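Asker: Encoded as structure tokens, here's the structure I'll be asking about.
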Amino acid sequence: MRIANTGDAPVAVTSVALDSPGFEAAPETRREVELGPGNRIDVEAEYGPVRCDTPPEPAYALIGVAGASPVRVPLATPYDVLGRIHDGDCAAEDLARAVPVTLIPAAGPPEPTAPLPAQLVVSRGTASGDIRLDEIGGSVLYALHGALPATMRADEDRLSVDITIDAARCDPHALTEAKKPFVFPLWIAVGSSEPEYSRIPVSEESRRILTNYLTATCDARR
């Protein structure tokens with residue numbers, strides 16, 4: 001999100017948040033900076049879970065200002081960035097219903113600094129025909145690897161894929177500043193269609209296991 005001071009006096013910006021009807025509210029981004037006249041800054045702003053029954057516009061930026069109430073200003077979205085994010089997240093939700101995926105991590109690695117074994121279990125939801133798990137990705141904190149692509153044939157209802165989860169970064173900045181550590185992308189092809197983007201659901205129990213693994217592994221590697 002780009003913020004510009006178009007006035008003639010300095011402004012102390014303290015926080016930024018997205019206000020869009022197409023997304024649930026997300027925590028504000030704290031950013032304390034003195035913005036002089038004519039100056040501008042780029043600030044990352046989180047967005048919450050998508051609301052697929054509501055368009056993302058009109059959208060606003062909620063800007064915290066030192067010594068004053070937050071300012072709500074219209075948000076310009078060149079190249080329809082917000083609309084493309086909204087459409088992509090809704091398509092990912094549709095695909096998740098058609099092809100449910102479950103992440104099952106092991107309780108711990110075979111040794112402190114080794115990758116954590118896990119399984120991706122692909123089930124048949126509303127999709128028919130062959131289903132191919134094409135590719136997976138990690139996040140800032142976690143690296144995911146597996147023997148892919150893997151295909152569930154049209155006469156099958158379950159596919160289990162062995163993967164590993166490793167610590168991608170252990171530096172304090174990444175550990176404290178990572179906004180979405182458990183957003184793991186995957187690409188799934190149904191029938192003869194091209195692979196489409198989705199995300200691996202991570203349950204609260206799996207998040208606990210992954211958090212404990214990252215803490216222990218990073219401690220062992222220091």
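Going through the structure tokens in order, the chains are called A, B, and so on, while each chain numbers its residues from 1 and the ligands are numbered from 1 in the order shown.
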Might you pull out every residue within 12 Å of Arg84 (chain A), with only C-alpha atoms counted and same-chain residues fewer than 4 positions away left off, and present them as a JSON list (two decimals) with N, CA and C atoms, in the first residue's frame?

Answerer:
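Result file is selection28.json:
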```
[["chain", "number", "residue", "atom", "x", "y", "z"],
["A", 22, "GLY", "N", -14.80, -6.97, 0.66],
["A", 22, "GLY", "CA", -14.56, -8.30, 0.14],
["A", 22, "GLY", "C", -13.65, -9.16, 0.99],
["A", 50, "VAL", "N", -11.20, -14.12, 2.59],
["A", 50, "VAL", "CA", -12.01, -13.52, 1.54],
["A", 50, "VAL", "C", -13.50, -13.74, 1.80],
["A", 55, "PRO", "N", -18.10, -8.04, -3.41],
["A", 55, "PRO", "CA", -16.97, -7.51, -4.18],
["A", 55, "PRO", "C", -16.01, -6.73, -3.29],
["A", 56, "PRO", "N", -14.73, -6.61, -3.69],
["A", 56, "PRO", "CA", -13.74, -5.95, -2.83],
["A", 56, "PRO", "C", -13.78, -4.42, -2.87],
["A", 57, "GLU", "N", -14.52, -3.87, -3.79],
["A", 57, "GLU", "CA", -14.60, -2.41, -3.90],
["A", 57, "GLU", "C", -15.98, -1.92, -3.46],
["A", 77, "THR", "N", -6.58, 1.21, -6.56],
["A", 77, "THR", "CA", -6.01, -0.12, -6.82],
["A", 77, "THR", "C", -5.71, -0.26, -8.31],
["A", 78, "PRO", "N", -4.56, 0.28, -8.76],
["A", 78, "PRO", "CA", -4.21, 0.15, -10.17],
["A", 78, "PRO", "C", -4.05, -1.29, -10.59],
["A", 79, "TYR", "N", -4.37, -1.56, -11.85],
["A", 79, "TYR", "CA", -4.30, -2.90, -12.43],
["A", 79, "TYR", "C", -5.23, -3.88, -11.72],
["A", 80, "ASP", "N", -6.22, -3.36, -10.99],
["A", 80, "ASP", "CA", -7.21, -4.18, -10.31],
["A", 80, "ASP", "C", -6.54, -5.23, -9.41],
["A", 88, "GLY", "N", -8.71, -14.68, -7.05],
["A", 88, "GLY", "CA", -7.82, -15.82, -6.85],
["A", 88, "GLY", "C", -8.12, -16.57, -5.57],
["A", 89, "ASP", "N", -8.42, -15.84, -4.49],
["A", 89, "ASP", "CA", -8.74, -16.50, -3.22],
["A", 89, "ASP", "C", -10.07, -17.25, -3.30],
["A", 90, "CYS", "N", -11.04, -16.68, -4.02],
["A", 90, "CYS", "CA", -12.33, -17.36, -4.17],
["A", 90, "CYS", "C", -12.19, -18.62, -5.02],
["A", 91, "ALA", "N", -11.38, -18.54, -6.07],
["A", 91, "ALA", "CA", -11.13, -19.73, -6.90],
["A", 91, "ALA", "C", -10.43, -20.81, -6.08]]
```

Asker: Can you tell me, as a list in words, what residues are no more than 12 Å from Arg222 (chain A) when counting only C-alpha atoms, ignoring any on the same chain fewer than 3 positions away?

Answerer: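 Within the cut-off, the hits are Pro112, Thr113, Arg169, Cys170, Asp171, Pro172, Thr215, Ala216, Thr217, Cys218 and Asp219 of chain A.
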
Asker: Pick out each residue of region 113-215 of chain A that DSSP on the backbone tags as strand (DSSP E or B); I need them as a PyMOL selection string.

Answerer: chain A and resi 116-123+131-136+142-146+150-152+158-167+184-190+196-200

Asker: What's the 9 Å shell around Ala154 (chain A), counting only C-alpha atoms, without same-chain residues fewer than 6 positions away, as a list in words?

Answerer: Ser128, Gly129, Asp130, Ile131 and Gly191 of chain A

Asker: Store the residues picked out above in a file with C-alpha atoms, as a PDB file, in the first residue's frame.

Answerer:
```pdb
ATOM      1  CA  SER A 128     -14.411 -36.046 -11.006  1.00  0.00           C
ATOM      2  CA  GLY A 129     -11.758 -37.569 -13.251  1.00  0.00           C
ATOM      3  CA  ASP A 130      -8.022 -37.690 -12.627  1.00  0.00           C
ATOM      4  CA  ILE A 131      -6.679 -35.283 -10.012  1.00  0.00           C
ATOM      5  CA  GLY A 191      -8.965 -33.749 -15.488  1.00  0.00           C
TER       6      GLY A 191
END
```

Asker: Could you find all residues in region 23-165 of chain A that DSSP calls helix (DSSP H, G or I) from the backbone, and write them as an MDAnalysis selection string?

Answerer: chainID A and resid 78:98

Asker: Which one is closest to Ser69 (chain A): A:Thr14, A:Glu196, A:Ser203, A:Met1? Count only C-alpha atoms.

Answerer: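 Checking each candidate against Ser69 (chain A), we get A:Thr14 as the closest.
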